[in-house]
>>> print(open('model07.pdb').read())   # PDB, N, CA and C atoms
ATOM      1  N   MET O  21       0.826  -1.195   0.000
ATOM      2  CA  MET O  21       0.000   0.000   0.000
ATOM      3  C   MET O  21       0.867   1.254   0.000
ATOM      4  N   ILE O  22       1.902   1.250   0.833
ATOM      5  CA  ILE O  22       2.757   2.431   0.920
ATOM      6  C   ILE O  22       3.495   2.643  -0.396
ATOM      7  N   MET O  23       4.042   1.578  -0.953
ATOM      8  CA  MET O  23       4.793   1.710  -2.202
ATOM      9  C   MET O  23       3.878   2.115  -3.358
ATOM     10  N   LEU O  24       2.677   1.566  -3.408
ATOM     11  CA  LEU O  24       1.746   1.934  -4.474
ATOM     12  C   LEU O  24       1.330   3.394  -4.371
ATOM     13  N   SER O  25       1.115   3.871  -3.149
ATOM     14  CA  SER O  25       0.732   5.277  -2.993
ATOM     15  C   SER O  25       1.903   6.205  -3.309
ATOM     16  N   LYS O  26       3.132   5.789  -3.007
ATOM     17  CA  LYS O  26       4.296   6.599  -3.381
ATOM     18  C   LYS O  26       4.449   6.662  -4.896
ATOM     19  N   VAL O  27       4.248   5.546  -5.560
ATOM     20  CA  VAL O  27       4.341   5.525  -7.020
ATOM     21  C   VAL O  27       3.229   6.374  -7.631
ATOM     22  N   ALA O  28       2.017   6.239  -7.107
ATOM     23  CA  ALA O  28       0.892   7.027  -7.622
ATOM     24  C   ALA O  28       1.126   8.524  -7.412
ATOM     25  N   ALA O  29       1.643   8.897  -6.244
ATOM     26  CA  ALA O  29       1.935  10.307  -5.983
ATOM     27  C   ALA O  29       3.032  10.811  -6.915
ATOM     28  N   GLY O  30       4.046  10.013  -7.125
ATOM     29  CA  GLY O  30       5.131  10.409  -8.022
ATOM     30  C   GLY O  30       4.671  10.574  -9.457
ATOM     31  N   ILE O  31       3.835   9.658  -9.925
ATOM     32  CA  ILE O  31       3.312   9.747 -11.288
ATOM     33  C   ILE O  31       2.429  10.978 -11.437
ATOM     34  N   ALA O  32       1.541  11.203 -10.479
ATOM     35  CA  ALA O  32       0.641  12.356 -10.554
ATOM     36  C   ALA O  32       1.428  13.668 -10.504
ATOM     37  N   CYS O  33       2.426  13.751  -9.646
ATOM     38  CA  CYS O  33       3.240  14.974  -9.564
ATOM     39  C   CYS O  33       4.053  15.172 -10.842
ATOM     40  N   SER O  34       4.550  14.096 -11.425
ATOM     41  CA  SER O  34       5.313  14.205 -12.670
ATOM     42  C   SER O  34       4.429  14.664 -13.822
ATOM     43  N   ILE O  35       3.231  14.122 -13.914
ATOM     44  CA  ILE O  35       2.289  14.558 -14.954
ATOM     45  C   ILE O  35       1.936  16.022 -14.743
ATOM     46  N   GLY O  36       1.703  16.403 -13.482
ATOM     47  CA  GLY O  36       1.391  17.801 -13.191
ATOM     48  C   GLY O  36       2.536  18.734 -13.536
ATOM     49  N   ALA O  37       3.767  18.327 -13.237
ATOM     50  CA  ALA O  37       4.924  19.155 -13.573
ATOM     51  C   ALA O  37       5.067  19.297 -15.086
ATOM     52  N   LEU O  38       4.842  18.215 -15.819
ATOM     53  CA  LEU O  38       4.927  18.268 -17.276
ATOM     54  C   LEU O  38       3.861  19.188 -17.855
ATOM     55  N   LYS O  39       2.641  19.073 -17.347
ATOM     56  CA  LYS O  39       1.559  19.928 -17.843
ATOM     57  C   LYS O  39       1.796  21.388 -17.488
ATOM     58  N   MET O  40       2.336  21.645 -16.288
ATOM     59  CA  MET O  40       2.647  23.036 -15.942
ATOM     60  C   MET O  40       3.766  23.574 -16.816
ATOM     61  N   TRP O  41       4.754  22.745 -17.131
ATOM     62  CA  TRP O  41       5.846  23.166 -18.006
ATOM     63  C   TRP O  41       5.319  23.509 -19.397
ATOM     64  N   GLN O  42       4.390  22.696 -19.892
ATOM     65  CA  GLN O  42       3.819  22.949 -21.214
ATOM     66  C   GLN O  42       2.933  24.190 -21.219
ATOM     67  N   ALA O  43       2.302  24.521 -20.092
ATOM     68  CA  ALA O  43       1.385  25.654 -20.023
ATOM     69  C   ALA O  43       2.060  26.934 -19.546
ATOM     70  N   ARG O  44       3.360  26.928 -19.370
ATOM     71  CA  ARG O  44       4.042  28.092 -18.793
ATOM     72  C   ARG O  44       3.980  29.325 -19.685
ATOM     73  N   ALA O  45       3.881  29.158 -20.987
ATOM     74  CA  ALA O  45       3.846  30.305 -21.889
ATOM     75  C   ALA O  45       2.421  30.804 -22.140
ATOM     76  N   GLY O  46       1.441  30.069 -21.670
ATOM     77  CA  GLY O  46       0.047  30.440 -21.914
ATOM     78  C   GLY O  46      -0.471  31.431 -20.886
ATOM     79  N   ASP O  47      -1.777  31.520 -20.809
ATOM     80  CA  ASP O  47      -2.389  32.441 -19.854
ATOM     81  C   ASP O  47      -2.443  31.839 -18.454
ATOM     82  N   ALA O  48      -2.798  32.665 -17.478
ATOM     83  CA  ALA O  48      -2.803  32.234 -16.075
ATOM     84  C   ALA O  48      -3.861  31.167 -15.812
ATOM     85  N   ALA O  49      -5.002  31.262 -16.479
ATOM     86  CA  ALA O  49      -6.066  30.276 -16.258
ATOM     87  C   ALA O  49      -5.639  28.891 -16.749
ATOM     88  N   GLY O  50      -4.946  28.839 -17.857
ATOM     89  CA  GLY O  50      -4.449  27.562 -18.370
ATOM     90  C   GLY O  50      -3.390  26.962 -17.472
ATOM     91  N   PHE O  51      -2.539  27.816 -16.916
ATOM     92  CA  PHE O  51      -1.503  27.323 -16.004
ATOM     93  C   PHE O  51      -2.118  26.811 -14.708
ATOM     94  N   ASP O  52      -3.131  27.531 -14.213
ATOM     95  CA  ASP O  52      -3.816  27.069 -13.001
ATOM     96  C   ASP O  52      -4.520  25.738 -13.226
ATOM     97  N   ALA O  53      -5.078  25.543 -14.415
ATOM     98  CA  ALA O  53      -5.739  24.271 -14.722
ATOM     99  C   ALA O  53      -4.728  23.130 -14.811
ATOM    100  N   ALA O  54      -3.493  23.439 -15.197
ATOM    101  CA  ALA O  54      -2.463  22.412 -15.327
ATOM    102  C   ALA O  54      -1.948  21.929 -13.973
ATOM    103  N   LYS O  55      -2.279  22.613 -12.912
ATOM    104  CA  LYS O  55      -1.791  22.269 -11.576
ATOM    105  C   LYS O  55      -2.549  21.114 -10.925
ATOM    106  N   LYS O  56      -3.653  20.689 -11.498
ATOM    107  CA  LYS O  56      -4.527  19.713 -10.846
ATOM    108  C   LYS O  56      -3.825  18.398 -10.527
ATOM    109  N   HIS O  57      -3.066  17.879 -11.475
ATOM    110  CA  HIS O  57      -2.395  16.596 -11.242
ATOM    111  C   HIS O  57      -1.311  16.719 -10.165
ATOM    112  N   ALA O  58      -0.575  17.818 -10.183
ATOM    113  CA  ALA O  58       0.470  18.006  -9.174
ATOM    114  C   ALA O  58      -0.137  18.100  -7.780
ATOM    115  N   LEU O  59      -1.234  18.814  -7.656
ATOM    116  CA  LEU O  59      -1.887  18.925  -6.348
ATOM    117  C   LEU O  59      -2.511  17.597  -5.925
ATOM    118  N   ALA O  60      -3.004  16.832  -6.885
ATOM    119  CA  ALA O  60      -3.529  15.493  -6.559
ATOM    120  C   ALA O  60      -2.413  14.589  -6.060
ATOM    121  N   GLY O  61      -1.236  14.677  -6.674
ATOM    122  CA  GLY O  61      -0.090  13.899  -6.212
ATOM    123  C   GLY O  61       0.334  14.285  -4.807
ATOM    124  N   CYS O  62       0.317  15.577  -4.515
ATOM    125  CA  CYS O  62       0.635  16.025  -3.155
ATOM    126  C   CYS O  62      -0.407  15.520  -2.163
ATOM    127  N   GLY O  63      -1.659  15.507  -2.570
ATOM    128  CA  GLY O  63      -2.720  14.993  -1.705
ATOM    129  C   GLY O  63      -2.568  13.511  -1.420
ATOM    130  N   ILE O  64      -2.221  12.741  -2.443
ATOM    131  CA  ILE O  64      -1.990  11.305  -2.249
ATOM    132  C   ILE O  64      -0.844  11.077  -1.275
ATOM    133  N   ALA O  65       0.232  11.842  -1.440
ATOM    134  CA  ALA O  65       1.384  11.701  -0.549
ATOM    135  C   ALA O  65       1.032  12.086   0.882
ATOM    136  N   MET O  66       0.241  13.120   1.065
ATOM    137  CA  MET O  66      -0.155  13.537   2.418
ATOM    138  C   MET O  66      -1.039  12.485   3.085
ATOM    139  N   ILE O  67      -1.959  11.928   2.325
ATOM    140  CA  ILE O  67      -2.817  10.881   2.887
ATOM    141  C   ILE O  67      -1.983   9.673   3.287
ATOM    142  N   MET O  68      -1.006   9.317   2.444
ATOM    143  CA  MET O  68      -0.143   8.182   2.758
ATOM    144  C   MET O  68       0.701   8.464   3.999
ATOM    145  N   LEU O  69       1.294   9.639   4.088
ATOM    146  CA  LEU O  69       2.184   9.935   5.208
ATOM    147  C   LEU O  69       1.421  10.101   6.525
ATOM    148  N   PHE O  70       0.425  10.983   6.509
ATOM    149  CA  PHE O  70      -0.287  11.223   7.762
ATOM    150  C   PHE O  70      -1.274  10.109   8.078
ATOM    151  N   GLY O  71      -2.010   9.669   7.074
ATOM    152  CA  GLY O  71      -2.968   8.597   7.324
ATOM    153  C   GLY O  71      -2.298   7.263   7.590
ATOM    154  N   GLY O  72      -1.284   6.939   6.785
ATOM    155  CA  GLY O  72      -0.633   5.644   6.910
ATOM    156  C   GLY O  72       0.302   5.543   8.097
ATOM    157  N   PHE O  73       1.195   6.499   8.229
ATOM    158  CA  PHE O  73       2.190   6.401   9.288
ATOM    159  C   PHE O  73       1.684   6.936  10.624
ATOM    160  N   ILE O  74       1.165   8.148  10.612
ATOM    161  CA  ILE O  74       0.843   8.794  11.880
ATOM    162  C   ILE O  74      -0.457   8.244  12.468
ATOM    163  N   VAL O  75      -1.490   8.101  11.659
ATOM    164  CA  VAL O  75      -2.768   7.633  12.207
ATOM    165  C   VAL O  75      -2.770   6.113  12.376
ATOM    166  N   ILE O  76      -2.550   5.378  11.294
ATOM    167  CA  ILE O  76      -2.642   3.917  11.369
ATOM    168  C   ILE O  76      -1.440   3.317  12.085
ATOM    169  N   GLY O  77      -0.241   3.734  11.683
ATOM    170  CA  GLY O  77       0.958   3.162  12.298
ATOM    171  C   GLY O  77       1.095   3.471  13.770
ATOM    172  N   GLU O  78       0.802   4.704  14.127
ATOM    173  CA  GLU O  78       0.977   5.083  15.528
ATOM    174  C   GLU O  78      -0.098   4.485  16.424
ATOM    175  N   THR O  79      -1.322   4.461  15.959
ATOM    176  CA  THR O  79      -2.392   3.968  16.826
ATOM    177  C   THR O  79      -2.632   2.470  16.680
ATOM    178  N   TRP O  80      -2.788   2.006  15.460
ATOM    179  CA  TRP O  80      -3.145   0.613  15.255
ATOM    180  C   TRP O  80      -1.968  -0.313  15.563
ATOM    181  N   PHE O  81      -0.782   0.022  15.076
ATOM    182  CA  PHE O  81       0.377  -0.829  15.315
ATOM    183  C   PHE O  81       1.184  -0.398  16.534
ATOM    184  N   GLU O  82       0.704   0.606  17.232
ATOM    185  CA  GLU O  82       1.289   1.087  18.487
ATOM    186  C   GLU O  82       2.773   1.413  18.351
ATOM    187  N   MET O  83       3.105   2.184  17.316
ATOM    188  CA  MET O  83       4.494   2.582  17.116
ATOM    189  C   MET O  83       4.971   3.543  18.205
ATOM    190  N   TRP O  84       4.043   4.165  18.908
ATOM    191  CA  TRP O  84       4.424   5.104  19.950
ATOM    192  C   TRP O  84       5.118   4.421  21.117
ATOM    193  N   ARG O  85       4.964   3.108  21.234
ATOM    194  CA  ARG O  85       5.607   2.381  22.332
ATOM    195  C   ARG O  85       7.091   2.128  22.088
ATOM    196  N   SER O  86       7.511   2.115  20.844
ATOM    197  CA  SER O  86       8.896   1.811  20.506
ATOM    198  C   SER O  86       9.667   3.107  20.267
ATOM    199  N   ASP O  87      10.746   3.306  21.008
ATOM    200  CA  ASP O  87      11.559   4.502  20.821
ATOM    201  C   ASP O  87      12.197   4.534  19.436
ATOM    202  N   VAL O  88      12.602   3.387  18.930
ATOM    203  CA  VAL O  88      13.256   3.325  17.626
ATOM    204  C   VAL O  88      12.266   3.646  16.513
ATOM    205  N   LEU O  89      11.132   2.976  16.494
ATOM    206  CA  LEU O  89      10.151   3.204  15.430
ATOM    207  C   LEU O  89       9.551   4.598  15.507
ATOM    208  N   ARG O  90       9.271   5.058  16.696
ATOM    209  CA  ARG O  90       8.671   6.381  16.843
ATOM    210  C   ARG O  90       9.609   7.451  16.318
ATOM    211  N   ASP O  91      10.864   7.369  16.690
ATOM    212  CA  ASP O  91      11.810   8.405  16.284
ATOM    213  C   ASP O  91      12.078   8.366  14.786
ATOM    214  N   LEU O  92      12.289   7.200  14.233
ATOM    215  CA  LEU O  92      12.641   7.108  12.813
ATOM    216  C   LEU O  92      11.445   7.336  11.898
ATOM    217  N   SER O  93      10.396   6.598  12.115
ATOM    218  CA  SER O  93       9.274   6.620  11.178
ATOM    219  C   SER O  93       8.388   7.844  11.331
ATOM    220  N   LEU O  94       7.961   8.124  12.524
ATOM    221  CA  LEU O  94       6.981   9.182  12.710
ATOM    222  C   LEU O  94       7.566  10.571  12.484
ATOM    223  N   GLN O  95       8.781  10.796  12.942
ATOM    224  CA  GLN O  95       9.372  12.121  12.739
ATOM    225  C   GLN O  95       9.687  12.369  11.266
ATOM    226  N   SER O  96      10.174  11.360  10.569
ATOM    227  CA  SER O  96      10.449  11.553   9.143
ATOM    228  C   SER O  96       9.154  11.697   8.350
ATOM    229  N   ALA O  97       8.109  10.968   8.729
ATOM    230  CA  ALA O  97       6.820  11.122   8.054
ATOM    231  C   ALA O  97       6.272  12.523   8.271
ATOM    232  N   PHE O  98       6.401  13.049   9.466
ATOM    233  CA  PHE O  98       5.927  14.404   9.738
ATOM    234  C   PHE O  98       6.764  15.433   8.981
ATOM    235  N   ARG O  99       8.062  15.218   8.922
ATOM    236  CA  ARG O  99       8.955  16.139   8.202
ATOM    237  C   ARG O  99       8.633  16.141   6.708
ATOM    238  N   TYR O 100       8.504  14.970   6.101
ATOM    239  CA  TYR O 100       8.158  14.891   4.682
ATOM    240  C   TYR O 100       6.764  15.455   4.426
ATOM    241  N   GLY O 101       5.841  15.197   5.319
ATOM    242  CA  GLY O 101       4.494  15.743   5.174
ATOM    243  C   GLY O 101       4.486  17.258   5.209
ATOM    244  N   GLY O 102       5.305  17.823   6.080
ATOM    245  CA  GLY O 102       5.404  19.282   6.144
ATOM    246  C   GLY O 102       5.976  19.874   4.871
ATOM    247  N   MET O 103       6.977  19.227   4.303
ATOM    248  CA  MET O 103       7.564  19.714   3.054
ATOM    249  C   MET O 103       6.577  19.583   1.898
ATOM    250  N   ILE O 104       5.845  18.491   1.845
ATOM    251  CA  ILE O 104       4.849  18.319   0.785
ATOM    252  C   ILE O 104       3.746  19.354   0.930
ATOM    253  N   THR O 105       3.376  19.692   2.156
ATOM    254  CA  THR O 105       2.370  20.722   2.384
ATOM    255  C   THR O 105       2.853  22.074   1.888
ATOM    256  N   LEU O 106       4.097  22.412   2.174
ATOM    257  CA  LEU O 106       4.645  23.679   1.682
ATOM    258  C   LEU O 106       4.680  23.714   0.156
ATOM    259  N   ILE O 107       5.052  22.612  -0.452
ATOM    260  CA  ILE O 107       5.079  22.548  -1.917
ATOM    261  C   ILE O 107       3.675  22.694  -2.472
ATOM    262  N   ALA O 108       2.698  22.018  -1.856
ATOM    263  CA  ALA O 108       1.319  22.107  -2.325
ATOM    264  C   ALA O 108       0.770  23.530  -2.171
ATOM    265  N   LEU O 109       1.116  24.205  -1.090
ATOM    266  CA  LEU O 109       0.685  25.595  -0.912
ATOM    267  C   LEU O 109       1.307  26.499  -1.964
ATOM    268  N   PHE O 110       2.573  26.268  -2.268
ATOM    269  CA  PHE O 110       3.249  27.066  -3.276
ATOM    270  C   PHE O 110       2.660  26.813  -4.662
ATOM    271  N   VAL O 111       2.437  25.555  -5.003
ATOM    272  CA  VAL O 111       1.875  25.222  -6.311
ATOM    273  C   VAL O 111       0.417  25.673  -6.408
ATOM    274  N   GLY O 112      -0.306  25.590  -5.324
ATOM    275  CA  GLY O 112      -1.728  25.910  -5.340
ATOM    276  C   GLY O 112      -2.084  27.378  -5.364
ATOM    277  N   THR O 113      -1.103  28.256  -5.220
ATOM    278  CA  THR O 113      -1.416  29.692  -5.268
ATOM    279  C   THR O 113      -1.882  30.073  -6.669
ATOM    280  N   LEU O 114      -2.804  30.986  -6.723
ATOM    281  CA  LEU O 114      -3.346  31.429  -8.019
ATOM    282  C   LEU O 114      -2.370  32.380  -8.687
ATOM    283  N   ASP O 115      -2.254  32.243  -9.992
ATOM    284  CA  ASP O 115      -1.421  33.134 -10.781
ATOM    285  C   ASP O 115      -2.315  34.163 -11.464
ATOM    286  N   ASP O 116      -2.095  35.412 -11.147
ATOM    287  CA  ASP O 116      -2.930  36.471 -11.738
ATOM    288  C   ASP O 116      -2.247  37.164 -12.882
TER     289      ASP O 116
END
>>> encode(input="model07.pdb", output="structure tokens")
Amino acid sequence: MIMLSKVAAGIACSIGALKMWQARAGDAAGFDAAKKHALAGCGIAMIMLFGGFIVIGETWFEMWRSDVLRDLSLQSAFRYGGMITLIALFVGTLDD
């Protein structure tokens, strides 16, 4: 599940980047429309990181009990999630 969601997020972000690159010379509305796939990829990655690691991993598999798993997995998932959120906010801004 984790690997499939990472691949899906990567494919969606790559398609979005390609479409934004192709629409860079056009008008602002066309460029904003090209952002949909990139934002969908960021959304998939956020659901995987926060939903998979922090919600399911921490509660269901009780990763909070292990110092090793908690420090490695949860902190890196939160760090990557924060970076993906910043990227999504930057990409999602409207171009006027």
>>> residues_around(input="model07.pdb", residues="Lys56 of chain O", least_positions_apart="6", cutoff="10 Å", atoms="only C-alpha atoms", output="ChimeraX atom specification")
/O:32-33,35-37,39-40,62,111-112
>>> atom_distance(input="model07.pdb", atom1="atom CA of Ala97 of chain O", atom2="atom CA of Leu69 of chain O")
5.6 Å
>>> atom_distance(input="model07.pdb", atom1="atom N of Met103 of chain O", atom2="atom N of Ala48 of chain O")
27.4 Å
>>> residues_around(input="model07.pdb", residues="Ala108 of chain O", least_positions_apart="5", cutoff="8 Å", atoms="all atoms listed in the file", output="short mmCIF file (atom, residue, chain, number, x, y, z; two decimals) with N, CA and C atoms, in the frame of the given file")
data_model
loop_
_atom_site.label_atom_id
_atom_site.label_comp_id
_atom_site.auth_asym_id
_atom_site.auth_seq_id
_atom_site.Cartn_x
_atom_site.Cartn_y
_atom_site.Cartn_z
N ALA O 58 -0.57 17.82 -10.18
CA ALA O 58 0.47 18.01 -9.17
C ALA O 58 -0.14 18.10 -7.78
N LEU O 59 -1.23 18.81 -7.66
CA LEU O 59 -1.89 18.92 -6.35
C LEU O 59 -2.51 17.60 -5.92
N CYS O 62 0.32 15.58 -4.51
CA CYS O 62 0.64 16.02 -3.16
C CYS O 62 -0.41 15.52 -2.16
N GLY O 63 -1.66 15.51 -2.57
CA GLY O 63 -2.72 14.99 -1.70
C GLY O 63 -2.57 13.51 -1.42
N GLY O 102 5.30 17.82 6.08
CA GLY O 102 5.40 19.28 6.14
C GLY O 102 5.98 19.87 4.87
N MET O 103 6.98 19.23 4.30
CA MET O 103 7.56 19.71 3.05
C MET O 103 6.58 19.58 1.90
N THR O 113 -1.10 28.26 -5.22
CA THR O 113 -1.42 29.69 -5.27
C THR O 113 -1.88 30.07 -6.67
#
>>> atom_distance(input="model07.pdb", atom1="atom N of Val27 of chain O", atom2="atom C of Gly101 of chain O")
15.9 Å
>>> closest_residue(input="model07.pdb", among="O:Ile76, O:Phe81, O:Lys55, O:Gly61", to="Ala28 of chain O", atoms="only N, CA and C atoms")
O:Gly61
>>> closest_residue(input="model07.pdb", among="O:Thr79, O:Gln95, O:Asp52, O:Ala43", to="Leu114 of chain O", atoms="all atoms listed in the file")
O:Asp52
>>> select_by_dssp(input="model07.pdb", residues="chain O", states="alpha helix (DSSP H)", output="ChimeraX atom specification")
/O:22-42,48-54,56-66,87-89,95-112
